[in-house]
>>> print(open('final-v4.cif').read())   # mmCIF, C-alpha atoms and all ligand atoms
data_start
#
loop_
_atom_site.label_atom_id
_atom_site.label_comp_id
_atom_site.auth_asym_id
_atom_site.auth_seq_id
_atom_site.Cartn_x
_atom_site.Cartn_y
_atom_site.Cartn_z
CA MET V 1 0.00 0.00 0.00
CA THR V 2 1.30 3.44 -0.86
CA THR V 3 1.02 6.23 1.66
CA THR V 4 0.03 9.76 0.78
CA PRO V 5 2.73 12.33 1.57
CA PRO V 6 1.60 14.36 4.62
CA ALA V 7 1.59 17.66 2.75
CA LEU V 8 -0.93 16.28 0.26
CA GLN V 9 -3.30 14.61 2.70
CA HIS V 10 -5.62 17.59 3.03
CA ARG V 11 -5.91 18.09 -0.68
CA HIS V 12 -8.95 16.87 -2.51
CA GLN V 13 -9.17 16.28 -6.23
CA TRP V 14 -12.76 17.01 -7.25
CA ARG V 15 -14.18 13.77 -8.66
CA GLY V 16 -17.10 15.09 -10.71
CA VAL V 17 -20.68 15.59 -9.60
CA ILE V 18 -21.75 11.93 -9.52
CA GLU V 19 -19.01 10.76 -7.16
CA GLU V 20 -19.18 13.92 -5.04
CA TYR V 21 -22.95 13.64 -4.50
CA ARG V 22 -23.90 10.06 -5.48
CA SER V 23 -25.99 9.31 -2.38
CA LEU V 24 -28.18 12.36 -3.10
CA LEU V 25 -28.84 11.55 -6.76
CA GLU V 26 -31.63 9.38 -8.13
CA ILE V 27 -29.59 7.29 -10.53
CA PRO V 28 -29.52 3.49 -10.56
CA ALA V 29 -27.18 2.08 -7.90
CA GLY V 30 -23.85 0.94 -9.25
CA THR V 31 -23.96 3.11 -12.40
CA PRO V 32 -20.30 3.79 -13.28
CA ALA V 33 -19.67 7.52 -13.64
CA ILE V 34 -18.62 8.74 -17.07
CA THR V 35 -17.08 12.01 -16.07
CA LEU V 36 -14.87 14.85 -17.25
CA ARG V 37 -14.66 16.05 -13.62
CA GLU V 38 -17.48 18.55 -14.15
CA GLY V 39 -18.89 20.70 -11.35
CA GLY V 40 -16.95 22.13 -8.44
CA THR V 41 -17.28 25.48 -10.20
CA PRO V 42 -16.37 28.66 -8.32
CA LEU V 43 -18.68 31.10 -6.61
CA VAL V 44 -16.97 34.35 -7.47
CA HIS V 45 -17.80 37.40 -5.35
CA SER V 46 -18.89 40.38 -7.42
CA GLU V 47 -17.72 43.62 -5.86
CA TRP V 48 -19.41 45.50 -8.69
CA LEU V 49 -22.89 44.04 -8.15
CA SER V 50 -22.52 43.90 -4.38
CA GLY V 51 -21.77 47.64 -4.42
CA LEU V 52 -24.75 48.41 -6.65
CA THR V 53 -27.19 46.35 -4.59
CA ARG V 54 -25.70 46.79 -1.09
CA ALA V 55 -26.04 43.01 -0.92
CA GLU V 56 -23.54 40.17 -1.12
CA VAL V 57 -23.70 39.09 -4.75
CA TRP V 58 -21.99 35.90 -5.88
CA LEU V 59 -21.58 34.58 -9.39
CA LYS V 60 -21.87 30.81 -9.92
CA VAL V 61 -19.50 30.56 -12.86
CA GLU V 62 -20.74 27.58 -14.83
CA GLY V 63 -18.61 28.39 -17.85
CA ASP V 64 -15.79 26.78 -15.85
CA ASN V 65 -17.22 23.34 -16.57
CA PRO V 66 -15.29 21.01 -18.95
CA THR V 67 -17.21 21.92 -22.11
CA GLY V 68 -17.84 25.49 -20.99
CA SER V 69 -21.42 25.34 -19.73
CA PHE V 70 -23.62 24.04 -16.92
CA LYS V 71 -24.91 21.30 -19.22
CA ASP V 72 -22.04 19.00 -18.21
CA ARG V 73 -23.63 18.37 -14.80
CA GLY V 74 -26.73 16.79 -16.25
CA MET V 75 -24.85 15.20 -19.11
CA THR V 76 -22.48 13.15 -16.94
CA ALA V 77 -25.59 11.69 -15.30
CA ALA V 78 -27.57 11.09 -18.51
CA ILE V 79 -24.66 9.58 -20.44
CA SER V 80 -23.57 7.39 -17.51
CA VAL V 81 -27.09 5.99 -17.15
CA ALA V 82 -27.57 5.54 -20.92
CA LYS V 83 -24.23 3.73 -21.25
CA HIS V 84 -24.98 1.48 -18.27
CA ALA V 85 -28.36 0.64 -19.79
CA GLY V 86 -26.65 -0.51 -22.98
CA ALA V 87 -27.34 2.41 -25.32
CA GLN V 88 -25.24 2.61 -28.50
CA ALA V 89 -26.25 6.07 -29.64
CA VAL V 90 -27.60 9.24 -28.02
CA VAL V 91 -29.60 12.10 -29.47
CA CYS V 92 -30.45 15.64 -28.41
CA ALA V 93 -32.00 18.80 -29.76
CA SER V 94 -29.97 21.84 -28.87
CA THR V 95 -29.37 25.55 -29.15
CA GLY V 96 -25.67 24.61 -28.89
CA ASN V 97 -24.47 23.90 -25.38
CA THR V 98 -26.36 20.66 -24.83
CA SER V 99 -25.00 19.30 -28.11
CA ALA V 100 -21.42 20.33 -27.25
CA SER V 101 -21.71 18.65 -23.87
CA MET V 102 -23.48 15.55 -25.12
CA ALA V 103 -20.91 15.05 -27.88
CA ALA V 104 -18.01 15.27 -25.41
CA TYR V 105 -19.51 12.82 -22.91
CA ALA V 106 -20.62 10.47 -25.69
CA ALA V 107 -17.06 10.48 -27.02
CA LYS V 108 -15.78 9.61 -23.54
CA ALA V 109 -18.36 6.83 -23.24
CA GLY V 110 -17.86 5.44 -26.73
CA LEU V 111 -21.42 6.25 -27.80
CA LYS V 112 -22.48 7.72 -31.14
CA PRO V 113 -23.77 11.31 -30.71
CA LEU V 114 -26.55 12.60 -32.96
CA VAL V 115 -27.35 16.30 -32.75
CA LEU V 116 -30.34 18.27 -34.08
CA VAL V 117 -29.86 22.03 -34.23
CA PRO V 118 -31.72 24.98 -35.75
CA GLU V 119 -30.03 25.92 -39.01
CA GLY V 120 -27.85 29.02 -38.81
CA LYS V 121 -28.59 29.76 -35.16
CA ILE V 122 -25.76 28.00 -33.34
CA ALA V 123 -22.70 29.88 -32.05
CA ALA V 124 -19.50 28.85 -33.82
CA GLY V 125 -17.71 27.58 -30.71
CA LYS V 126 -20.52 25.20 -29.83
CA MET V 127 -20.75 23.88 -33.37
CA ALA V 128 -16.99 23.28 -33.42
CA GLN V 129 -17.24 21.32 -30.17
CA ALA V 130 -20.00 19.04 -31.44
CA ILE V 131 -18.15 18.39 -34.70
CA LEU V 132 -14.73 17.75 -33.12
CA HIS V 133 -16.20 15.40 -30.52
CA GLY V 134 -17.55 13.31 -33.37
CA ALA V 135 -21.23 14.17 -33.46
CA GLN V 136 -23.34 13.75 -36.52
CA VAL V 137 -24.81 17.23 -36.75
CA ILE V 138 -28.15 17.60 -38.50
CA MET V 139 -29.41 21.11 -39.19
CA VAL V 140 -33.13 21.62 -39.12
CA ARG V 141 -35.12 24.26 -40.97
CA GLY V 142 -36.92 25.33 -37.85
CA ASN V 143 -36.25 26.40 -34.28
CA PHE V 144 -35.20 24.53 -31.13
CA ASP V 145 -38.76 23.49 -30.39
CA ASP V 146 -38.97 21.77 -33.80
CA CYS V 147 -35.62 20.06 -33.11
CA LEU V 148 -36.86 18.74 -29.77
CA MET V 149 -39.96 17.31 -31.43
CA LEU V 150 -37.69 15.47 -33.89
CA ALA V 151 -35.32 14.22 -31.18
CA LYS V 152 -38.25 12.81 -29.21
CA GLY V 153 -39.63 11.19 -32.36
CA LEU V 154 -36.28 9.57 -33.22
CA ALA V 155 -35.81 8.25 -29.68
CA TRP V 156 -39.33 6.88 -29.71
CA GLU V 157 -38.99 4.98 -32.98
CA TYR V 158 -35.28 4.16 -33.28
CA PRO V 159 -32.53 2.77 -30.99
CA VAL V 160 -31.16 6.12 -29.78
CA ALA V 161 -31.39 7.39 -26.20
CA LEU V 162 -32.79 10.89 -25.68
CA VAL V 163 -30.64 13.04 -23.36
CA ASN V 164 -32.51 16.35 -23.45
CA SER V 165 -33.67 17.56 -20.05
CA VAL V 166 -37.04 15.87 -20.57
CA ASN V 167 -34.90 12.92 -19.44
CA PRO V 168 -35.24 13.25 -15.62
CA VAL V 169 -31.70 11.98 -15.05
CA ARG V 170 -30.42 15.25 -16.52
CA LEU V 171 -32.06 17.23 -13.72
CA GLU V 172 -30.54 14.88 -11.13
CA GLY V 173 -27.06 15.82 -12.30
CA GLN V 174 -27.89 19.48 -12.78
CA LYS V 175 -29.25 19.94 -9.26
CA THR V 176 -25.71 19.50 -7.87
CA ALA V 177 -25.07 23.17 -8.65
CA ALA V 178 -27.53 24.06 -5.88
CA PHE V 179 -25.74 21.69 -3.49
CA GLU V 180 -22.41 23.36 -4.25
CA ILE V 181 -23.81 26.83 -3.61
CA VAL V 182 -25.12 25.83 -0.18
CA ASP V 183 -21.96 23.88 0.65
CA PHE V 184 -19.89 26.98 -0.11
CA LEU V 185 -22.07 29.65 1.52
CA GLY V 186 -23.02 27.49 4.52
CA ASP V 187 -26.71 28.05 3.79
CA ALA V 188 -28.98 28.79 0.85
CA PRO V 189 -28.84 32.35 -0.50
CA ASP V 190 -31.87 34.64 -0.13
CA TYR V 191 -32.20 35.02 -3.90
CA HIS V 192 -31.13 32.97 -6.87
CA LEU V 193 -31.22 34.57 -10.33
CA LEU V 194 -30.58 32.80 -13.62
CA PRO V 195 -31.38 32.77 -17.34
CA VAL V 196 -34.20 30.51 -18.49
CA GLY V 197 -34.68 28.84 -21.87
CA ASN V 198 -35.97 25.29 -21.91
CA ALA V 199 -36.32 25.65 -18.12
CA GLY V 200 -34.46 22.50 -17.10
CA ASN V 201 -31.85 24.38 -15.11
CA ILE V 202 -34.22 26.40 -12.92
CA SER V 203 -36.22 23.22 -12.26
CA ALA V 204 -33.07 21.33 -11.29
CA TYR V 205 -31.82 24.11 -9.00
CA TRP V 206 -35.17 24.14 -7.23
CA LEU V 207 -34.98 20.37 -6.81
CA GLY V 208 -31.50 20.72 -5.29
CA PHE V 209 -32.32 23.60 -2.96
CA SER V 210 -35.51 21.87 -1.79
CA GLN V 211 -33.68 18.60 -1.17
CA TYR V 212 -31.00 20.29 0.94
CA ALA V 213 -33.65 22.09 2.99
CA GLN V 214 -35.54 18.82 3.57
CA LEU V 215 -32.32 17.14 4.69
CA GLY V 216 -31.61 19.97 7.10
CA LEU V 217 -28.50 20.96 5.17
CA ALA V 218 -29.99 24.42 4.55
CA THR V 219 -32.30 26.45 6.79
CA LYS V 220 -34.24 27.91 3.85
CA THR V 221 -34.72 27.91 0.09
CA PRO V 222 -34.02 30.94 -2.10
CA ILE V 223 -36.49 33.10 -3.98
CA MET V 224 -36.03 32.03 -7.60
CA ARG V 225 -36.04 34.70 -10.31
CA GLY V 226 -35.75 33.54 -13.90
CA PHE V 227 -34.96 35.84 -16.82
CA GLN V 228 -35.84 35.27 -20.46
CA ALA V 229 -35.05 37.21 -23.62
CA GLU V 230 -37.89 39.52 -24.63
CA GLY V 231 -38.28 37.76 -27.99
CA ALA V 232 -38.48 34.31 -26.36
CA ALA V 233 -40.32 34.83 -23.09
CA PRO V 234 -43.13 32.25 -22.88
CA LEU V 235 -42.84 31.86 -19.10
CA VAL V 236 -43.32 35.61 -18.71
CA THR V 237 -46.36 35.92 -20.97
CA GLY V 238 -47.80 32.48 -20.21
CA GLU V 239 -48.05 31.63 -23.93
CA PRO V 240 -45.66 29.72 -26.22
CA PHE V 241 -43.69 31.86 -28.72
CA PRO V 242 -44.15 30.23 -32.16
CA ASP V 243 -41.23 32.22 -33.62
CA PRO V 244 -38.79 32.89 -30.77
CA GLU V 245 -36.06 35.39 -31.65
CA THR V 246 -33.07 36.68 -29.69
CA ARG V 247 -29.37 37.23 -30.23
CA ALA V 248 -28.84 35.17 -27.08
CA THR V 249 -29.26 32.06 -29.24
CA ALA V 250 -28.81 29.66 -26.31
CA ILE V 251 -32.19 30.72 -24.93
CA ARG V 252 -34.02 31.12 -28.24
CA ILE V 253 -36.75 28.71 -27.15
CA GLY V 254 -40.49 29.26 -27.53
CA ASN V 255 -42.07 26.32 -25.72
CA PRO V 256 -39.96 25.14 -22.76
CA ALA V 257 -40.06 21.42 -22.03
CA SER V 258 -39.92 21.96 -18.24
CA TRP V 259 -42.64 24.62 -18.26
CA LYS V 260 -44.67 23.09 -15.41
CA LEU V 261 -41.65 22.38 -13.18
CA ALA V 262 -40.35 25.91 -13.72
CA GLU V 263 -43.70 27.41 -12.77
CA ALA V 264 -43.72 25.26 -9.65
CA ALA V 265 -40.25 26.54 -8.76
CA ARG V 266 -41.44 30.11 -9.16
CA ASN V 267 -44.64 29.57 -7.18
CA GLU V 268 -43.13 27.56 -4.34
CA SER V 269 -40.20 29.95 -3.93
CA GLY V 270 -42.21 33.16 -4.19
CA GLY V 271 -40.22 34.06 -7.28
CA SER V 272 -40.89 35.46 -10.74
CA PHE V 273 -40.15 35.31 -14.45
CA GLN V 274 -39.18 38.54 -16.18
CA SER V 275 -37.87 39.47 -19.60
CA VAL V 276 -34.92 41.58 -20.69
CA THR V 277 -34.07 42.97 -24.12
CA ASP V 278 -31.15 41.84 -26.26
CA ASP V 279 -29.50 45.24 -25.75
CA GLN V 280 -29.75 44.81 -21.97
CA ILE V 281 -28.30 41.30 -22.26
CA LEU V 282 -25.33 42.35 -24.40
CA SER V 283 -24.68 45.40 -22.25
CA ALA V 284 -24.70 43.24 -19.10
CA GLN V 285 -22.31 40.81 -20.80
CA ARG V 286 -19.84 43.67 -21.46
CA ASP V 287 -20.21 45.19 -18.01
CA LEU V 288 -19.67 41.86 -16.26
CA ALA V 289 -16.54 41.20 -18.31
CA ALA V 290 -15.18 44.70 -17.70
CA HIS V 291 -16.00 44.93 -13.97
CA ASP V 292 -15.60 41.40 -12.68
CA GLY V 293 -13.27 39.69 -15.15
CA VAL V 294 -15.91 37.08 -15.91
CA PHE V 295 -16.60 36.53 -19.62
CA VAL V 296 -19.93 34.83 -20.23
CA GLU V 297 -21.94 34.15 -23.35
CA PRO V 298 -24.92 36.41 -24.11
CA ALA V 299 -27.63 34.10 -22.72
CA SER V 300 -25.67 33.76 -19.50
CA ALA V 301 -25.82 37.49 -18.94
CA ALA V 302 -29.63 37.47 -18.80
CA GLY V 303 -29.59 37.07 -15.01
CA ILE V 304 -27.19 40.00 -14.64
CA ALA V 305 -29.33 42.10 -16.99
CA GLY V 306 -32.33 41.14 -14.90
CA LEU V 307 -30.72 42.19 -11.64
CA LEU V 308 -29.76 45.57 -13.14
CA GLN V 309 -33.29 46.02 -14.52
CA GLU V 310 -34.81 45.31 -11.13
CA LEU V 311 -32.48 47.80 -9.43
CA ALA V 312 -33.39 50.43 -12.02
CA GLY V 313 -37.05 49.71 -11.28
CA GLY V 314 -36.58 50.36 -7.56
CA GLU V 315 -36.34 46.76 -6.32
CA SER V 316 -34.12 46.38 -3.25
CA TYR V 317 -31.76 43.53 -2.50
CA ALA V 318 -30.02 45.43 0.31
CA GLY V 319 -28.64 43.27 3.09
CA SER V 320 -29.36 39.97 1.37
CA THR V 321 -27.25 37.21 -0.13
CA VAL V 322 -27.74 36.83 -3.86
CA VAL V 323 -26.43 34.19 -6.25
CA VAL V 324 -26.55 34.83 -9.98
CA THR V 325 -25.78 31.79 -12.08
CA VAL V 326 -23.87 32.59 -15.25
CA THR V 327 -24.42 29.52 -17.35
CA GLY V 328 -21.86 29.43 -20.17
CA HIS V 329 -18.46 30.71 -21.26
CA GLY V 330 -17.96 33.85 -23.34
CA LEU V 331 -15.59 32.07 -25.71
CA LYS V 332 -18.51 30.05 -27.06
CA ASP V 333 -19.72 32.99 -29.12
CA THR V 334 -17.14 35.69 -29.66
CA ALA V 335 -18.87 37.01 -32.78
CA THR V 336 -21.96 38.20 -30.91
CA ALA V 337 -19.84 39.59 -28.07
CA LEU V 338 -17.78 41.72 -30.46
CA GLU V 339 -20.85 42.84 -32.41
CA GLY V 340 -22.36 43.99 -29.14
CA PHE V 341 -19.15 45.79 -28.24
CA ALA V 342 -18.99 47.56 -31.60
CA SER V 343 -22.66 48.51 -31.57
CA SER V 344 -22.21 50.14 -28.16
CA GLY V 345 -20.13 52.76 -29.97
CA GLN V 346 -16.77 51.58 -28.70
CA SER V 347 -13.99 50.95 -31.18
CA LEU V 348 -12.48 47.52 -31.62
CA VAL V 349 -8.71 47.02 -31.66
CA ASP V 350 -7.68 49.03 -34.70
CA THR V 351 -4.28 50.50 -33.90
CA VAL V 352 -1.44 48.97 -35.89
CA ILE V 353 2.16 50.10 -35.34
CA ASP V 354 5.70 49.05 -36.21
CA ALA V 355 7.68 47.17 -33.54
CA ASP V 356 8.97 50.31 -31.83
CA VAL V 357 8.67 51.29 -28.16
CA THR V 358 8.06 54.97 -28.86
CA ALA V 359 5.38 54.13 -31.39
CA ALA V 360 3.75 51.80 -28.82
CA ALA V 361 3.91 54.52 -26.15
CA VAL V 362 2.32 57.07 -28.48
CA ALA V 363 -0.39 54.63 -29.51
CA ALA V 364 -1.06 53.83 -25.84
CA GLY V 365 -1.32 57.51 -24.95
CA LEU V 366 1.71 57.23 -22.65
CA ALA V 367 3.86 59.66 -24.64
C1 LIG V 401 -25.68 29.31 -21.76
O1 LIG V 401 -28.08 23.84 -25.27
O2 LIG V 401 -31.26 24.62 -24.26
O3 LIG V 401 -33.49 26.91 -19.08
O4 LIG V 401 -29.96 23.17 -26.09
O5 LIG V 401 -26.99 27.22 -23.15
O6 LIG V 401 -32.11 24.88 -18.63
O7 LIG V 401 -32.71 25.50 -20.98
C2 LIG V 401 -29.28 25.72 -23.64
C3 LIG V 401 -29.79 26.51 -22.65
C4 LIG V 401 -29.03 29.21 -20.27
C5 LIG V 401 -31.07 27.93 -20.54
N1 LIG V 401 -27.77 29.54 -20.55
O8 LIG V 401 -31.11 26.84 -19.66
C6 LIG V 401 -29.32 23.86 -25.31
C7 LIG V 401 -30.06 24.74 -24.37
C8 LIG V 401 -27.09 28.89 -21.51
C9 LIG V 401 -27.71 27.85 -22.21
C10 LIG V 401 -29.68 28.21 -20.93
C11 LIG V 401 -29.04 27.51 -21.94
P1 LIG V 401 -32.43 25.98 -19.57
#
>>> encode(input="final-v4.cif", output="structure tokens")
Amino acid sequence: MTTTPPALQHRHQWRGVIEEYRSLLEIPAGTPAITLREGGTPLVHSEWLSGLTRAEVWLKVEGDNPTGSFKDRGMTAAISVAKHAGAQAVVCASTGNTSASMAAYAAKAGLKPLVLVPEGKIAAGKMAQAILHGAQVIMVRGNFDDCLMLAKGLAWEYPVALVNSVNPVRLEGQKTAAFEIVDFLGDAPDYHLLPVGNAGNISAYWLGFSQYAQLGLATKTPIMRGFQAEGAAPLVTGEPFPDPETRATAIRIGNPASWKLAEAARNESGGSFQSVTDDQILSAQRDLAAHDGVFVEPASAAGIAGLLQELAGGESYAGSTVVVTVTGHGLKDTATALEGFASSGQSLVDTVIDADVTAAAVAAGLA
């Protein structure tokens, strides 16, 4: 038997969300974990937002997951269970991040990934991930909701396992983000804000917060506030959007699969659904990057945009603890980020000089 050197004994290598939380997850006993060591993402304190709100505002930075979004939490669970059950191929509909995550975990598991995406509406980084991880990518003339209908139909009639969040195992993995927040803060926050598209994430968070409260691991559950893009805001209006439209393509969804669960989360937590415009989203994305050093994709900034909108409207968070989940990494979609930057009237990098210190100093305004 080897012994661990004393200096290393206190160190813990994060094992991924299944092994860290297995006893709290409803997945079949003995399912081997197919993991990229997802989860264990940081809660980063935002001095900027804490100052604006006179609250303690923390960012749950889910872009730090292996494929750059929160989807990896649910995907390790769904792929592990599908593999254990003998699946050969997996399918999902996606606005980009689910397909990137599914393709990576399917590659790790030796399963064939099949991806259905709305034509022309997927950020380049996400598409590159799905392709490089070996997915067969099928573009659909339609939106995400059409893709989900097809994915369900394929899984129903052919030997492919569906891993969209209509698969309840996905929510089991995804709820670990709520566990991590409570583990870190010592209790649940007063408020939890996040973007909402297909509504799996908010449903999973509510499951996780509720479970911790029932187990006595938290004294309370947070008020849940979900934010949608104005052009794709069915949970705000109460009606499906037949033609959802937003530059935050990740949340361009008109008929969320977890509609009922998300409404339950709102009702039971005393929360709300609100919408924000694309300009607010892109402006929040820039401000978060510039103030806090956290670069998120447009959809991920919806919760930040929502918090700023509420403050502008006179809402007070003073004295409370607030967690805002930022769901995906900014590098997923640099094109939209730079378009937003340019359209805000700021100039992109356009100074070109010879390799000369004086020229650099002049260009930098130092001389
Ligand atoms: C960055 O990848 O639906 O409300 O197919 O990628 O749980 O759907 C992505 C959704 C928020 C919304 N932020 O979460 C997909 C997909 C980012 C996202 C959401 C998504 P849900």
>>> residues_near_point(input="final-v4.cif", point="(-35.2, 30.0, -5.4)", cutoff="6 Å", atoms="only C-alpha atoms", output="list of chain:residue names")
V:His192, V:Thr221, V:Pro222, V:Ile223, V:Met224, V:Ser269
>>> residues_near_ligand(input="final-v4.cif", ligand="ligand LIG 401 (chain V)", cutoff="6 Å", atoms="all atoms listed in the file", output="PDB file with C-alpha atoms, in the frame of the given file")
ATOM      1  CA  SER V  94     -29.970  21.840 -28.870  1.00  0.00           C
ATOM      2  CA  THR V  95     -29.370  25.550 -29.150  1.00  0.00           C
ATOM      3  CA  GLY V  96     -25.670  24.610 -28.890  1.00  0.00           C
ATOM      4  CA  ASN V  97     -24.470  23.900 -25.380  1.00  0.00           C
ATOM      5  CA  THR V  98     -26.360  20.660 -24.830  1.00  0.00           C
ATOM      6  CA  PRO V 195     -31.380  32.770 -17.340  1.00  0.00           C
ATOM      7  CA  VAL V 196     -34.200  30.510 -18.490  1.00  0.00           C
ATOM      8  CA  GLY V 197     -34.680  28.840 -21.870  1.00  0.00           C
ATOM      9  CA  ASN V 198     -35.970  25.290 -21.910  1.00  0.00           C
ATOM     10  CA  ALA V 199     -36.320  25.650 -18.120  1.00  0.00           C
ATOM     11  CA  GLY V 200     -34.460  22.500 -17.100  1.00  0.00           C
ATOM     12  CA  ASN V 201     -31.850  24.380 -15.110  1.00  0.00           C
ATOM     13  CA  ALA V 250     -28.810  29.660 -26.310  1.00  0.00           C
ATOM     14  CA  ILE V 251     -32.190  30.720 -24.930  1.00  0.00           C
ATOM     15  CA  ALA V 299     -27.630  34.100 -22.720  1.00  0.00           C
ATOM     16  CA  SER V 300     -25.670  33.760 -19.500  1.00  0.00           C
ATOM     17  CA  THR V 327     -24.420  29.520 -17.350  1.00  0.00           C
ATOM     18  CA  GLY V 328     -21.860  29.430 -20.170  1.00  0.00           C
TER      19      GLY V 328
END
>>> residues_around(input="final-v4.cif", residues="region 310-326 of chain V", least_positions_apart="2", cutoff="9 Å", atoms="all atoms listed in the file", output="ChimeraX atom specification")
/V:43,50,52-63,69-70,181,188-195,222,296-297,299-308,328-329
>>> write_last_selection(input="final-v4.cif", atoms="C-alpha atoms", output="tab-separated table (two decimals), in the frame of the given file")
chain	number	residue	atom	x	y	z
V	43	LEU	CA	-18.68	31.10	-6.61
V	50	SER	CA	-22.52	43.90	-4.38
V	52	LEU	CA	-24.75	48.41	-6.65
V	53	THR	CA	-27.19	46.35	-4.59
V	54	ARG	CA	-25.70	46.79	-1.09
V	55	ALA	CA	-26.04	43.01	-0.92
V	56	GLU	CA	-23.54	40.17	-1.12
V	57	VAL	CA	-23.70	39.09	-4.75
V	58	TRP	CA	-21.99	35.90	-5.88
V	59	LEU	CA	-21.58	34.58	-9.39
V	60	LYS	CA	-21.87	30.81	-9.92
V	61	VAL	CA	-19.50	30.56	-12.86
V	62	GLU	CA	-20.74	27.58	-14.83
V	63	GLY	CA	-18.61	28.39	-17.85
V	69	SER	CA	-21.42	25.34	-19.73
V	70	PHE	CA	-23.62	24.04	-16.92
V	181	ILE	CA	-23.81	26.83	-3.61
V	188	ALA	CA	-28.98	28.79	0.85
V	189	PRO	CA	-28.84	32.35	-0.50
V	190	ASP	CA	-31.87	34.64	-0.13
V	191	TYR	CA	-32.20	35.02	-3.90
V	192	HIS	CA	-31.13	32.97	-6.87
V	193	LEU	CA	-31.22	34.57	-10.33
V	194	LEU	CA	-30.58	32.80	-13.62
V	195	PRO	CA	-31.38	32.77	-17.34
V	222	PRO	CA	-34.02	30.94	-2.10
V	296	VAL	CA	-19.93	34.83	-20.23
V	297	GLU	CA	-21.94	34.15	-23.35
V	299	ALA	CA	-27.63	34.10	-22.72
V	300	SER	CA	-25.67	33.76	-19.50
V	301	ALA	CA	-25.82	37.49	-18.94
V	302	ALA	CA	-29.63	37.47	-18.80
V	303	GLY	CA	-29.59	37.07	-15.01
V	304	ILE	CA	-27.19	40.00	-14.64
V	305	ALA	CA	-29.33	42.10	-16.99
V	306	GLY	CA	-32.33	41.14	-14.90
V	307	LEU	CA	-30.72	42.19	-11.64
V	308	LEU	CA	-29.76	45.57	-13.14
V	328	GLY	CA	-21.86	29.43	-20.17
V	329	HIS	CA	-18.46	30.71	-21.26
>>> residues_near_point(input="final-v4.cif", point="(-31.4, 13.9, -21.9)", cutoff="9 Å", atoms="only C-alpha atoms", output="PyMOL selection string")
chain V and resi 74-75+78-79+90-92+98+102+161-171
>>> residues_around(input="final-v4.cif", residues="Thr67 (chain V)", least_positions_apart="4", cutoff="8 Å", atoms="all atoms listed in the file", output="list in words")
Gly63, Asp72, Ala100, Ser101 and Ala104 of chain V
>>> decode(input="final-v4.cif", residues="region 83-95 of chain V", atoms="N, CA and C atoms", output="PDB file, in the first residue's frame")
ATOM      1  N   LYS V  83     -25.290   4.705 -20.967  1.00  0.00           N
ATOM      2  CA  LYS V  83     -24.234   3.729 -21.255  1.00  0.00           C
ATOM      3  C   LYS V  83     -24.462   2.444 -20.448  1.00  0.00           C
ATOM      4  N   HIS V  84     -24.761   2.618 -19.163  1.00  0.00           N
ATOM      5  CA  HIS V  84     -24.979   1.483 -18.266  1.00  0.00           C
ATOM      6  C   HIS V  84     -26.176   0.652 -18.727  1.00  0.00           C
ATOM      7  N   ALA V  85     -27.164   1.333 -19.309  1.00  0.00           N
ATOM      8  CA  ALA V  85     -28.363   0.638 -19.790  1.00  0.00           C
ATOM      9  C   ALA V  85     -28.145  -0.005 -21.160  1.00  0.00           C
ATOM     10  N   GLY V  86     -26.960   0.173 -21.725  1.00  0.00           N
ATOM     11  CA  GLY V  86     -26.649  -0.511 -22.976  1.00  0.00           C
ATOM     12  C   GLY V  86     -26.886   0.289 -24.242  1.00  0.00           C
ATOM     13  N   ALA V  87     -27.122   1.595 -24.120  1.00  0.00           N
ATOM     14  CA  ALA V  87     -27.339   2.413 -25.318  1.00  0.00           C
ATOM     15  C   ALA V  87     -26.106   2.403 -26.213  1.00  0.00           C
ATOM     16  N   GLN V  88     -26.337   2.510 -27.519  1.00  0.00           N
ATOM     17  CA  GLN V  88     -25.242   2.609 -28.496  1.00  0.00           C
ATOM     18  C   GLN V  88     -25.112   4.033 -29.027  1.00  0.00           C
ATOM     19  N   ALA V  89     -26.224   4.739 -29.052  1.00  0.00           N
ATOM     20  CA  ALA V  89     -26.253   6.073 -29.645  1.00  0.00           C
ATOM     21  C   ALA V  89     -27.140   6.978 -28.791  1.00  0.00           C
ATOM     22  N   VAL V  90     -26.812   8.266 -28.794  1.00  0.00           N
ATOM     23  CA  VAL V  90     -27.598   9.236 -28.022  1.00  0.00           C
ATOM     24  C   VAL V  90     -27.976  10.396 -28.931  1.00  0.00           C
ATOM     25  N   VAL V  91     -29.108  10.996 -28.642  1.00  0.00           N
ATOM     26  CA  VAL V  91     -29.601  12.098 -29.465  1.00  0.00           C
ATOM     27  C   VAL V  91     -30.047  13.249 -28.580  1.00  0.00           C
ATOM     28  N   CYS V  92     -29.862  14.477 -29.092  1.00  0.00           N
ATOM     29  CA  CYS V  92     -30.450  15.637 -28.413  1.00  0.00           C
ATOM     30  C   CYS V  92     -30.779  16.705 -29.443  1.00  0.00           C
ATOM     31  N   ALA V  93     -31.756  17.531 -29.077  1.00  0.00           N
ATOM     32  CA  ALA V  93     -31.997  18.798 -29.759  1.00  0.00           C
ATOM     33  C   ALA V  93     -31.240  19.842 -28.969  1.00  0.00           C
ATOM     34  N   SER V  94     -30.762  20.888 -29.644  1.00  0.00           N
ATOM     35  CA  SER V  94     -29.970  21.841 -28.872  1.00  0.00           C
ATOM     36  C   SER V  94     -29.884  23.207 -29.526  1.00  0.00           C
ATOM     37  N   THR V  95     -29.752  24.228 -28.673  1.00  0.00           N
ATOM     38  CA  THR V  95     -29.374  25.550 -29.145  1.00  0.00           C
ATOM     39  C   THR V  95     -27.844  25.688 -29.119  1.00  0.00           C
TER      40      THR V  95
END
